[in-house]
Amino acid sequence: MALLEVKNLDVTLATSRGPARAVRNLSFDLDRGQTLGIVGESGCGKSMTALALLGLLPENGVTTGSINLDGQDLLTLNEDAMCGVRGNRISMIFQEPMTSLNPLHTIGRQVTEPMLIHQGMTRDQARDEAVRLLERVGIASAAQRLDSFPHQLSGGQRQRVMIAMALSCKPDVLIADEPTTALDVTIQGQILDLIADIVAEAGMALILISHDLGVIAETVDRVLVMYGGAGVETGPTASLFEHLAHPYTQGLFAAVPKLGSGGRRGQGARLATIPGLVPELVDLPTGCTFADRCNIADGQCAGTVPTVHDVAEDAGHRVACLKPDDAKRQFAPAEAGR
């Protein structure tokens, strides 16, 4: 049995325009030590999936399906029981540390709080462990930084504090939601290397949510591509990057800037784009949600839910498409930006 098993997960949000299916029939699993990257455009359901795992959906959200952690369905737990899971067995590094850290409390208070609640440590024990964690994530003068407030730290330091907080209870599953978005390129690399090292050392499972396909390629074992709240392609990272099987995945890779693609006289070439707009969650088509943006779709695609096919090149690589052979024929590896 996998450490984390998500089966047929649906998240529906009640809105003034009707129900919006933010996550649709999503399934994946994750073993200890495995890393999974979730990619897709904004609004495709990546962060909503992470919030569902933590039981942090907005009040207008309803979740169905199952989320099994070591065989226990988290969706059957009440809020008190979920408080024992959240921050303890499943932790999350949020996208923007300045809005995730409480500006009114010191770094020390915020890092020690999970250990006081979940680990039963004394304040002195938790403070000693907080110093160790801050040193581990690369915070200089860690003992002095415990008395600092978030605004007194740089963006990179705040993100390191968020990582320390997420790791304070040695979770089974670590979720990193765009953990380097607000950082410069040099600090991005340091933070990603730090997360990878700590995950490997502790043997925990990692879910990395990112728009950056380069980061995904270097960081995770498997990739899940989401569109319109559903998983459209999933597989081992090497196989998925080598054999882009879904037209949407192909569009994402085609939009990546490529070195040497500038036009004449130093003018940059226009980036490839996916035509059309992401569909409204309250008005999703009955068939393939990507049909109106896809260059190989026909009338059948617009009215029929895509079937899931194995991609022959590698076991575990699957795609949800009614025309997988047509998608395969139109894909040229050179277009993936390799």
# chains A, B, ... in the order shown; residues from 1 in each chain; ligands from 1

call {"tool": "residues_around", "arguments": {"residues": "Ala176 in chain A", "least_positions_apart": "3", "cutoff": "6 Å", "atoms": "only C-alpha atoms", "output": "PDB file with N, CA, C and O atoms, in the first residue's frame"}}
result
ATOM      1  N   MET A  92       3.077  21.824   4.584  1.00  0.00           N
ATOM      2  CA  MET A  92       3.069  22.565   3.322  1.00  0.00           C
ATOM      3  C   MET A  92       3.936  23.806   3.409  1.00  0.00           C
ATOM      4  O   MET A  92       3.909  24.536   4.408  1.00  0.00           O
ATOM      5  N   ILE A  93       4.737  24.006   2.379  1.00  0.00           N
ATOM      6  CA  ILE A  93       5.485  25.253   2.202  1.00  0.00           C
ATOM      7  C   ILE A  93       4.659  26.109   1.256  1.00  0.00           C
ATOM      8  O   ILE A  93       4.483  25.770   0.081  1.00  0.00           O
ATOM      9  N   PRO A 179       7.375  27.131  -4.289  1.00  0.00           N
ATOM     10  CA  PRO A 179       8.174  27.635  -3.160  1.00  0.00           C
ATOM     11  C   PRO A 179       9.220  28.668  -3.535  1.00  0.00           C
ATOM     12  O   PRO A 179       9.824  29.265  -2.635  1.00  0.00           O
ATOM     13  N   LEU A 208       5.565  18.672  -5.381  1.00  0.00           N
ATOM     14  CA  LEU A 208       6.050  19.992  -5.785  1.00  0.00           C
ATOM     15  C   LEU A 208       5.114  20.567  -6.833  1.00  0.00           C
ATOM     16  O   LEU A 208       4.936  19.986  -7.911  1.00  0.00           O
TER      17      LEU A 208
END

call {"tool": "residues_around", "arguments": {"residues": "Val23 in chain A", "least_positions_apart": "4", "cutoff": "7 Å", "atoms": "only C-alpha atoms", "output": "list in words"}}
result
Leu9, Asp10, Val11, Gly45, Thr49, Gly229 and Ala230 of chain A

call {"tool": "write_last_selection", "arguments": {"atoms": "N, CA, C and O atoms", "output": "PDB file, in the first residue's frame"}}
result
ATOM      1  N   LEU A   9     -10.764  12.016  -6.576  1.00  0.00           N
ATOM      2  CA  LEU A   9     -10.957  13.232  -5.781  1.00  0.00           C
ATOM      3  C   LEU A   9     -11.722  14.285  -6.579  1.00  0.00           C
ATOM      4  O   LEU A   9     -11.357  14.613  -7.715  1.00  0.00           O
ATOM      5  N   ASP A  10     -12.786  14.791  -5.983  1.00  0.00           N
ATOM      6  CA  ASP A  10     -13.570  15.883  -6.554  1.00  0.00           C
ATOM      7  C   ASP A  10     -13.668  16.997  -5.525  1.00  0.00           C
ATOM      8  O   ASP A  10     -13.943  16.733  -4.345  1.00  0.00           O
ATOM      9  N   VAL A  11     -13.440  18.227  -5.969  1.00  0.00           N
ATOM     10  CA  VAL A  11     -13.645  19.398  -5.118  1.00  0.00           C
ATOM     11  C   VAL A  11     -14.601  20.328  -5.847  1.00  0.00           C
ATOM     12  O   VAL A  11     -14.315  20.798  -6.951  1.00  0.00           O
ATOM     13  N   GLY A  45      -6.238  23.705 -10.887  1.00  0.00           N
ATOM     14  CA  GLY A  45      -6.582  22.862  -9.758  1.00  0.00           C
ATOM     15  C   GLY A  45      -5.406  22.394  -8.928  1.00  0.00           C
ATOM     16  O   GLY A  45      -5.582  21.605  -7.993  1.00  0.00           O
ATOM     17  N   THR A  49      -5.918  21.129  -5.060  1.00  0.00           N
ATOM     18  CA  THR A  49      -5.627  19.741  -4.702  1.00  0.00           C
ATOM     19  C   THR A  49      -4.826  19.685  -3.408  1.00  0.00           C
ATOM     20  O   THR A  49      -5.111  18.887  -2.509  1.00  0.00           O
ATOM     21  N   GLY A 229      -9.011  21.220 -13.809  1.00  0.00           N
ATOM     22  CA  GLY A 229      -9.284  20.469 -12.607  1.00  0.00           C
ATOM     23  C   GLY A 229      -9.032  18.978 -12.703  1.00  0.00           C
ATOM     24  O   GLY A 229      -9.180  18.266 -11.710  1.00  0.00           O
ATOM     25  N   ALA A 230      -8.645  18.491 -13.871  1.00  0.00           N
ATOM     26  CA  ALA A 230      -8.446  17.054 -14.066  1.00  0.00           C
ATOM     27  C   ALA A 230      -7.013  16.747 -14.455  1.00  0.00           C
ATOM     28  O   ALA A 230      -6.298  17.599 -14.997  1.00  0.00           O
TER      29      ALA A 230
END

call {"tool": "residues_around", "arguments": {"residues": "Val39 in chain A", "least_positions_apart": "4", "cutoff": "12 Å", "atoms": "only C-alpha atoms", "output": "short mmCIF file (atom, residue, chain, number, x, y, z; two decimals) with all heavy atoms, in the first residue's frame"}}
result
data_model
loop_
_atom_site.label_atom_id
_atom_site.label_comp_id
_atom_site.auth_asym_id
_atom_site.auth_seq_id
_atom_site.Cartn_x
_atom_site.Cartn_y
_atom_site.Cartn_z
N GLY A 43 -5.21 28.18 -12.22
CA GLY A 43 -6.62 27.84 -12.23
C GLY A 43 -6.91 26.41 -12.64
O GLY A 43 -8.09 26.04 -12.75
N CYS A 44 -5.86 25.59 -12.83
CA CYS A 44 -6.09 24.22 -13.29
C CYS A 44 -6.40 23.27 -12.14
O CYS A 44 -6.77 22.11 -12.38
CB CYS A 44 -4.91 23.72 -14.09
SG CYS A 44 -3.45 23.37 -13.10
N GLY A 45 -6.24 23.71 -10.89
CA GLY A 45 -6.58 22.86 -9.76
C GLY A 45 -5.41 22.39 -8.93
O GLY A 45 -5.58 21.61 -7.99
N LYS A 46 -4.19 22.88 -9.22
CA LYS A 46 -3.00 22.41 -8.50
C LYS A 46 -3.08 22.74 -7.01
O LYS A 46 -2.98 21.86 -6.15
CB LYS A 46 -1.74 23.04 -9.11
CG LYS A 46 -1.56 22.84 -10.60
CD LYS A 46 -0.23 23.37 -11.08
CE LYS A 46 -0.01 24.85 -10.83
NZ LYS A 46 -0.96 25.71 -11.56
N SER A 47 -3.21 24.01 -6.70
CA SER A 47 -3.23 24.43 -5.30
C SER A 47 -4.49 23.93 -4.58
O SER A 47 -4.44 23.61 -3.39
CB SER A 47 -3.14 25.96 -5.20
OG SER A 47 -1.89 26.42 -5.68
N THR A 49 -5.92 21.13 -5.06
CA THR A 49 -5.63 19.74 -4.70
C THR A 49 -4.83 19.68 -3.41
O THR A 49 -5.11 18.89 -2.51
CB THR A 49 -4.84 19.05 -5.83
OG1 THR A 49 -5.65 19.03 -7.02
CG2 THR A 49 -4.47 17.63 -5.46
N ASP A 177 4.26 24.43 -2.57
CA ASP A 177 3.43 25.12 -3.57
C ASP A 177 4.18 26.34 -4.09
O ASP A 177 4.26 27.37 -3.43
CB ASP A 177 2.11 25.54 -2.93
CG ASP A 177 1.14 26.13 -3.95
OD1 ASP A 177 1.48 26.16 -5.15
OD2 ASP A 177 0.04 26.56 -3.54
N GLU A 178 4.76 26.21 -5.28
CA GLU A 178 5.52 27.30 -5.90
C GLU A 178 6.48 27.92 -4.88
O GLU A 178 6.45 29.13 -4.62
CB GLU A 178 4.57 28.37 -6.45
CG GLU A 178 3.62 27.91 -7.52
CD GLU A 178 4.26 27.82 -8.89
OE1 GLU A 178 5.47 28.10 -9.00
OE2 GLU A 178 3.56 27.47 -9.85
N ILE A 207 5.44 16.56 -2.80
CA ILE A 207 4.58 17.03 -3.90
C ILE A 207 5.02 18.46 -4.20
O ILE A 207 4.89 19.35 -3.35
CB ILE A 207 3.09 17.00 -3.52
CG1 ILE A 207 2.64 15.56 -3.24
CG2 ILE A 207 2.25 17.60 -4.65
CD1 ILE A 207 1.20 15.45 -2.76
N LEU A 208 5.57 18.67 -5.38
CA LEU A 208 6.05 19.99 -5.79
C LEU A 208 5.11 20.57 -6.83
O LEU A 208 4.94 19.99 -7.91
CB LEU A 208 7.47 19.88 -6.35
CG LEU A 208 8.07 21.17 -6.92
CD1 LEU A 208 8.23 22.23 -5.83
CD2 LEU A 208 9.41 20.89 -7.59
N ILE A 209 4.51 21.70 -6.53
CA ILE A 209 3.63 22.40 -7.46
C ILE A 209 4.43 23.54 -8.09
O ILE A 209 5.01 24.36 -7.38
CB ILE A 209 2.40 22.96 -6.73
CG1 ILE A 209 1.59 21.81 -6.11
CG2 ILE A 209 1.52 23.77 -7.67
CD1 ILE A 209 0.48 22.27 -5.19
N SER A 210 4.47 23.58 -9.41
CA SER A 210 5.31 24.59 -10.06
C SER A 210 4.83 24.86 -11.48
O SER A 210 4.26 23.99 -12.15
CB SER A 210 6.77 24.12 -10.10
OG SER A 210 7.60 25.09 -10.71
N HIS A 211 5.07 26.11 -11.94
CA HIS A 211 4.88 26.45 -13.35
C HIS A 211 6.16 26.21 -14.14
O HIS A 211 6.13 26.20 -15.37
CB HIS A 211 4.51 27.94 -13.49
CG HIS A 211 3.13 28.28 -13.06
ND1 HIS A 211 2.80 28.63 -11.77
CD2 HIS A 211 1.96 28.31 -13.75
CE1 HIS A 211 1.51 28.88 -11.69
NE2 HIS A 211 0.98 28.69 -12.87
N ASP A 212 7.26 26.05 -13.45
CA ASP A 212 8.57 26.00 -14.08
C ASP A 212 8.91 24.56 -14.47
O ASP A 212 9.24 23.73 -13.62
CB ASP A 212 9.63 26.55 -13.12
CG ASP A 212 10.96 26.81 -13.80
OD1 ASP A 212 11.32 26.03 -14.70
OD2 ASP A 212 11.64 27.78 -13.41
N LEU A 213 8.86 24.27 -15.77
CA LEU A 213 9.12 22.91 -16.23
C LEU A 213 10.57 22.51 -16.02
O LEU A 213 10.88 21.33 -15.85
CB LEU A 213 8.73 22.79 -17.71
CG LEU A 213 7.24 22.96 -17.99
CD1 LEU A 213 6.98 23.01 -19.50
CD2 LEU A 213 6.42 21.86 -17.35
N GLY A 214 11.48 23.47 -16.03
CA GLY A 214 12.88 23.18 -15.76
C GLY A 214 13.08 22.70 -14.33
O GLY A 214 13.82 21.74 -14.07
N VAL A 215 12.40 23.35 -13.39
CA VAL A 215 12.45 22.93 -12.00
C VAL A 215 11.89 21.52 -11.85
O VAL A 215 12.46 20.67 -11.16
CB VAL A 215 11.68 23.92 -11.11
CG1 VAL A 215 11.44 23.35 -9.72
CG2 VAL A 215 12.42 25.25 -11.03
N ILE A 216 10.77 21.27 -12.49
CA ILE A 216 10.14 19.95 -12.43
C ILE A 216 11.09 18.88 -12.97
O ILE A 216 11.25 17.80 -12.38
CB ILE A 216 8.82 19.95 -13.21
CG1 ILE A 216 7.78 20.82 -12.51
CG2 ILE A 216 8.29 18.54 -13.41
CD1 ILE A 216 7.32 20.30 -11.16
N ALA A 217 11.74 19.16 -14.09
CA ALA A 217 12.62 18.18 -14.72
C ALA A 217 13.76 17.77 -13.80
O ALA A 217 14.18 16.61 -13.80
CB ALA A 217 13.18 18.75 -16.02
N VAL A 220 11.79 16.14 -9.57
CA VAL A 220 10.82 15.11 -9.20
C VAL A 220 10.98 13.84 -10.04
O VAL A 220 11.53 13.86 -11.14
CB VAL A 220 9.37 15.64 -9.36
CG1 VAL A 220 9.15 16.84 -8.45
CG2 VAL A 220 9.06 16.00 -10.81
N ARG A 222 8.16 11.82 -10.76
CA ARG A 222 6.97 11.68 -11.59
C ARG A 222 6.31 13.03 -11.77
O ARG A 222 6.48 13.95 -10.96
CB ARG A 222 5.96 10.71 -10.95
CG ARG A 222 6.45 9.27 -10.82
CD ARG A 222 5.36 8.36 -10.24
NE ARG A 222 4.17 8.37 -11.07
CZ ARG A 222 4.00 7.63 -12.17
NH1 ARG A 222 4.97 6.82 -12.56
NH2 ARG A 222 2.89 7.69 -12.86
N VAL A 223 5.51 13.15 -12.85
CA VAL A 223 4.84 14.40 -13.17
C VAL A 223 3.35 14.14 -13.39
O VAL A 223 2.97 13.13 -14.00
CB VAL A 223 5.43 15.06 -14.44
CG1 VAL A 223 4.72 16.37 -14.75
CG2 VAL A 223 6.93 15.30 -14.26
N LEU A 224 2.52 15.05 -12.87
CA LEU A 224 1.08 15.04 -13.13
C LEU A 224 0.73 16.37 -13.78
O LEU A 224 0.96 17.42 -13.20
CB LEU A 224 0.31 14.87 -11.82
CG LEU A 224 -1.20 15.06 -11.86
CD1 LEU A 224 -1.87 14.02 -12.76
CD2 LEU A 224 -1.79 15.02 -10.45
N VAL A 225 0.19 16.31 -15.00
CA VAL A 225 -0.23 17.51 -15.73
C VAL A 225 -1.73 17.68 -15.53
O VAL A 225 -2.51 16.76 -15.82
CB VAL A 225 0.10 17.40 -17.23
CG1 VAL A 225 -0.31 18.69 -17.96
CG2 VAL A 225 1.58 17.12 -17.44
N MET A 226 -2.15 18.86 -15.03
CA MET A 226 -3.56 19.12 -14.77
C MET A 226 -4.10 20.20 -15.71
O MET A 226 -3.39 21.15 -16.06
CB MET A 226 -3.78 19.55 -13.32
CG MET A 226 -3.51 18.45 -12.30
SD MET A 226 -3.98 18.93 -10.61
CE MET A 226 -5.78 19.00 -10.77
N TYR A 227 -5.37 20.03 -16.08
CA TYR A 227 -6.05 21.04 -16.89
C TYR A 227 -7.53 20.99 -16.55
O TYR A 227 -8.14 19.91 -16.52
CB TYR A 227 -5.86 20.79 -18.39
CG TYR A 227 -6.52 21.85 -19.25
CD1 TYR A 227 -5.89 23.09 -19.43
CD2 TYR A 227 -7.76 21.65 -19.83
CE1 TYR A 227 -6.50 24.08 -20.19
CE2 TYR A 227 -8.36 22.64 -20.59
CZ TYR A 227 -7.74 23.86 -20.76
OH TYR A 227 -8.34 24.84 -21.51
N GLY A 228 -8.12 22.15 -16.28
CA GLY A 228 -9.54 22.20 -15.97
C GLY A 228 -9.92 21.35 -14.78
O GLY A 228 -11.02 20.81 -14.72
N GLY A 229 -9.01 21.22 -13.81
CA GLY A 229 -9.28 20.47 -12.61
C GLY A 229 -9.03 18.98 -12.70
O GLY A 229 -9.18 18.27 -11.71
N ALA A 230 -8.64 18.49 -13.87
CA ALA A 230 -8.45 17.05 -14.07
C ALA A 230 -7.01 16.75 -14.46
O ALA A 230 -6.30 17.60 -15.00
CB ALA A 230 -9.40 16.53 -15.15
N GLY A 231 -6.58 15.53 -14.19
CA GLY A 231 -5.28 15.08 -14.65
C GLY A 231 -5.38 14.61 -16.09
O GLY A 231 -6.18 13.73 -16.40
N VAL A 232 -4.58 15.21 -16.99
CA VAL A 232 -4.66 14.83 -18.40
C VAL A 232 -3.48 13.96 -18.83
O VAL A 232 -3.57 13.26 -19.84
CB VAL A 232 -4.75 16.08 -19.31
CG1 VAL A 232 -6.03 16.86 -19.04
CG2 VAL A 232 -3.52 16.98 -19.14
N GLU A 233 -2.38 14.00 -18.07
CA GLU A 233 -1.24 13.15 -18.39
C GLU A 233 -0.40 12.97 -17.13
O GLU A 233 -0.21 13.89 -16.35
CB GLU A 233 -0.39 13.76 -19.51
CG GLU A 233 0.74 12.85 -19.97
CD GLU A 233 1.46 13.35 -21.22
OE1 GLU A 233 1.06 14.42 -21.76
OE2 GLU A 233 2.42 12.70 -21.64
N THR A 234 0.10 11.77 -16.95
CA THR A 234 0.97 11.49 -15.80
C THR A 234 1.96 10.39 -16.17
O THR A 234 1.65 9.54 -17.01
CB THR A 234 0.15 11.07 -14.57
OG1 THR A 234 1.02 10.91 -13.45
CG2 THR A 234 -0.58 9.75 -14.82
N THR A 237 9.07 11.20 -14.94
CA THR A 237 9.50 12.49 -15.51
C THR A 237 10.23 12.32 -16.84
O THR A 237 9.92 13.01 -17.81
CB THR A 237 10.42 13.22 -14.51
OG1 THR A 237 9.73 13.37 -13.27
CG2 THR A 237 10.81 14.58 -15.03
N TYR A 248 -2.25 19.28 -24.70
CA TYR A 248 -2.04 20.35 -23.74
C TYR A 248 -0.61 20.34 -23.21
O TYR A 248 0.03 21.39 -23.11
CB TYR A 248 -3.03 20.22 -22.58
CG TYR A 248 -2.82 21.24 -21.49
CD1 TYR A 248 -2.97 22.60 -21.76
CD2 TYR A 248 -2.47 20.86 -20.21
CE1 TYR A 248 -2.78 23.55 -20.77
CE2 TYR A 248 -2.27 21.80 -19.21
CZ TYR A 248 -2.42 23.15 -19.50
OH TYR A 248 -2.22 24.09 -18.52
N THR A 249 -0.10 19.16 -22.88
CA THR A 249 1.29 19.05 -22.43
C THR A 249 2.23 19.56 -23.51
O THR A 249 3.20 20.28 -23.23
CB THR A 249 1.64 17.60 -22.08
OG1 THR A 249 0.62 17.06 -21.23
CG2 THR A 249 2.98 17.51 -21.38
N LEU A 252 2.22 23.34 -23.45
CA LEU A 252 3.00 23.90 -22.34
C LEU A 252 4.49 23.90 -22.67
O LEU A 252 5.19 24.89 -22.43
CB LEU A 252 2.77 23.08 -21.07
CG LEU A 252 1.41 23.19 -20.38
CD1 LEU A 252 1.38 22.28 -19.16
CD2 LEU A 252 1.11 24.62 -19.97
N PHE A 253 4.98 22.79 -23.22
CA PHE A 253 6.40 22.69 -23.53
C PHE A 253 6.77 23.60 -24.70
O PHE A 253 7.87 24.17 -24.72
CB PHE A 253 6.77 21.24 -23.83
CG PHE A 253 7.06 20.42 -22.62
CD1 PHE A 253 6.03 20.04 -21.77
CD2 PHE A 253 8.34 20.05 -22.29
CE1 PHE A 253 6.27 19.29 -20.63
CE2 PHE A 253 8.61 19.30 -21.15
CZ PHE A 253 7.56 18.93 -20.32
#

call {"tool": "residues_around", "arguments": {"residues": "Ala315 in chain A", "least_positions_apart": "4", "cutoff": "10 Å", "atoms": "only C-alpha atoms", "output": "list in words"}}
result
Gly235, Pro236, Ser239, Asp310 and Val311 of chain A

call {"tool": "residues_around", "arguments": {"residues": "Leu116 in chain A", "least_positions_apart": "4", "cutoff": "10 Å", "atoms": "only C-alpha atoms", "output": "list in words"}}
result
Arg109, Val111, Thr112, Gly120, Met121, Thr122, Arg123, Gln125, Ala126, Arg127 and Cys169 of chain A

call {"tool": "write_last_selection", "arguments": {"atoms": "N, CA, C and O atoms", "output": "PDB file, in the first residue's frame"}}
result
ATOM      1  N   ARG A 109       8.628  31.972  17.848  1.00  0.00           N
ATOM      2  CA  ARG A 109       7.297  31.520  18.271  1.00  0.00           C
ATOM      3  C   ARG A 109       6.626  30.703  17.177  1.00  0.00           C
ATOM      4  O   ARG A 109       5.971  29.682  17.449  1.00  0.00           O
ATOM      5  N   VAL A 111       8.083  29.006  14.611  1.00  0.00           N
ATOM      6  CA  VAL A 111       8.752  27.739  14.313  1.00  0.00           C
ATOM      7  C   VAL A 111       8.528  26.722  15.430  1.00  0.00           C
ATOM      8  O   VAL A 111       8.387  25.519  15.171  1.00  0.00           O
ATOM      9  N   THR A 112       8.472  27.185  16.669  1.00  0.00           N
ATOM     10  CA  THR A 112       8.312  26.247  17.787  1.00  0.00           C
ATOM     11  C   THR A 112       6.872  25.786  17.981  1.00  0.00           C
ATOM     12  O   THR A 112       6.639  24.719  18.569  1.00  0.00           O
ATOM     13  N   GLY A 120       4.800  17.553  21.824  1.00  0.00           N
ATOM     14  CA  GLY A 120       4.797  17.558  23.283  1.00  0.00           C
ATOM     15  C   GLY A 120       6.095  18.035  23.898  1.00  0.00           C
ATOM     16  O   GLY A 120       6.425  17.684  25.045  1.00  0.00           O
ATOM     17  N   MET A 121       6.855  18.852  23.187  1.00  0.00           N
ATOM     18  CA  MET A 121       8.123  19.352  23.709  1.00  0.00           C
ATOM     19  C   MET A 121       7.896  20.468  24.724  1.00  0.00           C
ATOM     20  O   MET A 121       6.870  21.157  24.700  1.00  0.00           O
ATOM     21  N   THR A 122       8.863  20.650  25.590  1.00  0.00           N
ATOM     22  CA  THR A 122       8.857  21.830  26.447  1.00  0.00           C
ATOM     23  C   THR A 122       9.320  23.027  25.595  1.00  0.00           C
ATOM     24  O   THR A 122       9.857  22.856  24.493  1.00  0.00           O
ATOM     25  N   ARG A 123       9.135  24.229  26.129  1.00  0.00           N
ATOM     26  CA  ARG A 123       9.539  25.414  25.364  1.00  0.00           C
ATOM     27  C   ARG A 123      11.049  25.435  25.120  1.00  0.00           C
ATOM     28  O   ARG A 123      11.505  25.826  24.047  1.00  0.00           O
ATOM     29  N   GLN A 125      13.042  22.779  24.916  1.00  0.00           N
ATOM     30  CA  GLN A 125      13.344  21.758  23.909  1.00  0.00           C
ATOM     31  C   GLN A 125      12.971  22.250  22.513  1.00  0.00           C
ATOM     32  O   GLN A 125      13.736  22.072  21.558  1.00  0.00           O
ATOM     33  N   ALA A 126      11.795  22.867  22.396  1.00  0.00           N
ATOM     34  CA  ALA A 126      11.343  23.352  21.093  1.00  0.00           C
ATOM     35  C   ALA A 126      12.248  24.472  20.585  1.00  0.00           C
ATOM     36  O   ALA A 126      12.547  24.543  19.386  1.00  0.00           O
ATOM     37  N   ARG A 127      12.713  25.317  21.483  1.00  0.00           N
ATOM     38  CA  ARG A 127      13.599  26.411  21.062  1.00  0.00           C
ATOM     39  C   ARG A 127      14.944  25.864  20.589  1.00  0.00           C
ATOM     40  O   ARG A 127      15.473  26.321  19.566  1.00  0.00           O
ATOM     41  N   CYS A 169       8.026  18.872  12.436  1.00  0.00           N
ATOM     42  CA  CYS A 169       7.447  17.644  12.996  1.00  0.00           C
ATOM     43  C   CYS A 169       7.796  16.410  12.170  1.00  0.00           C
ATOM     44  O   CYS A 169       7.158  15.368  12.318  1.00  0.00           O
TER      45      CYS A 169
END
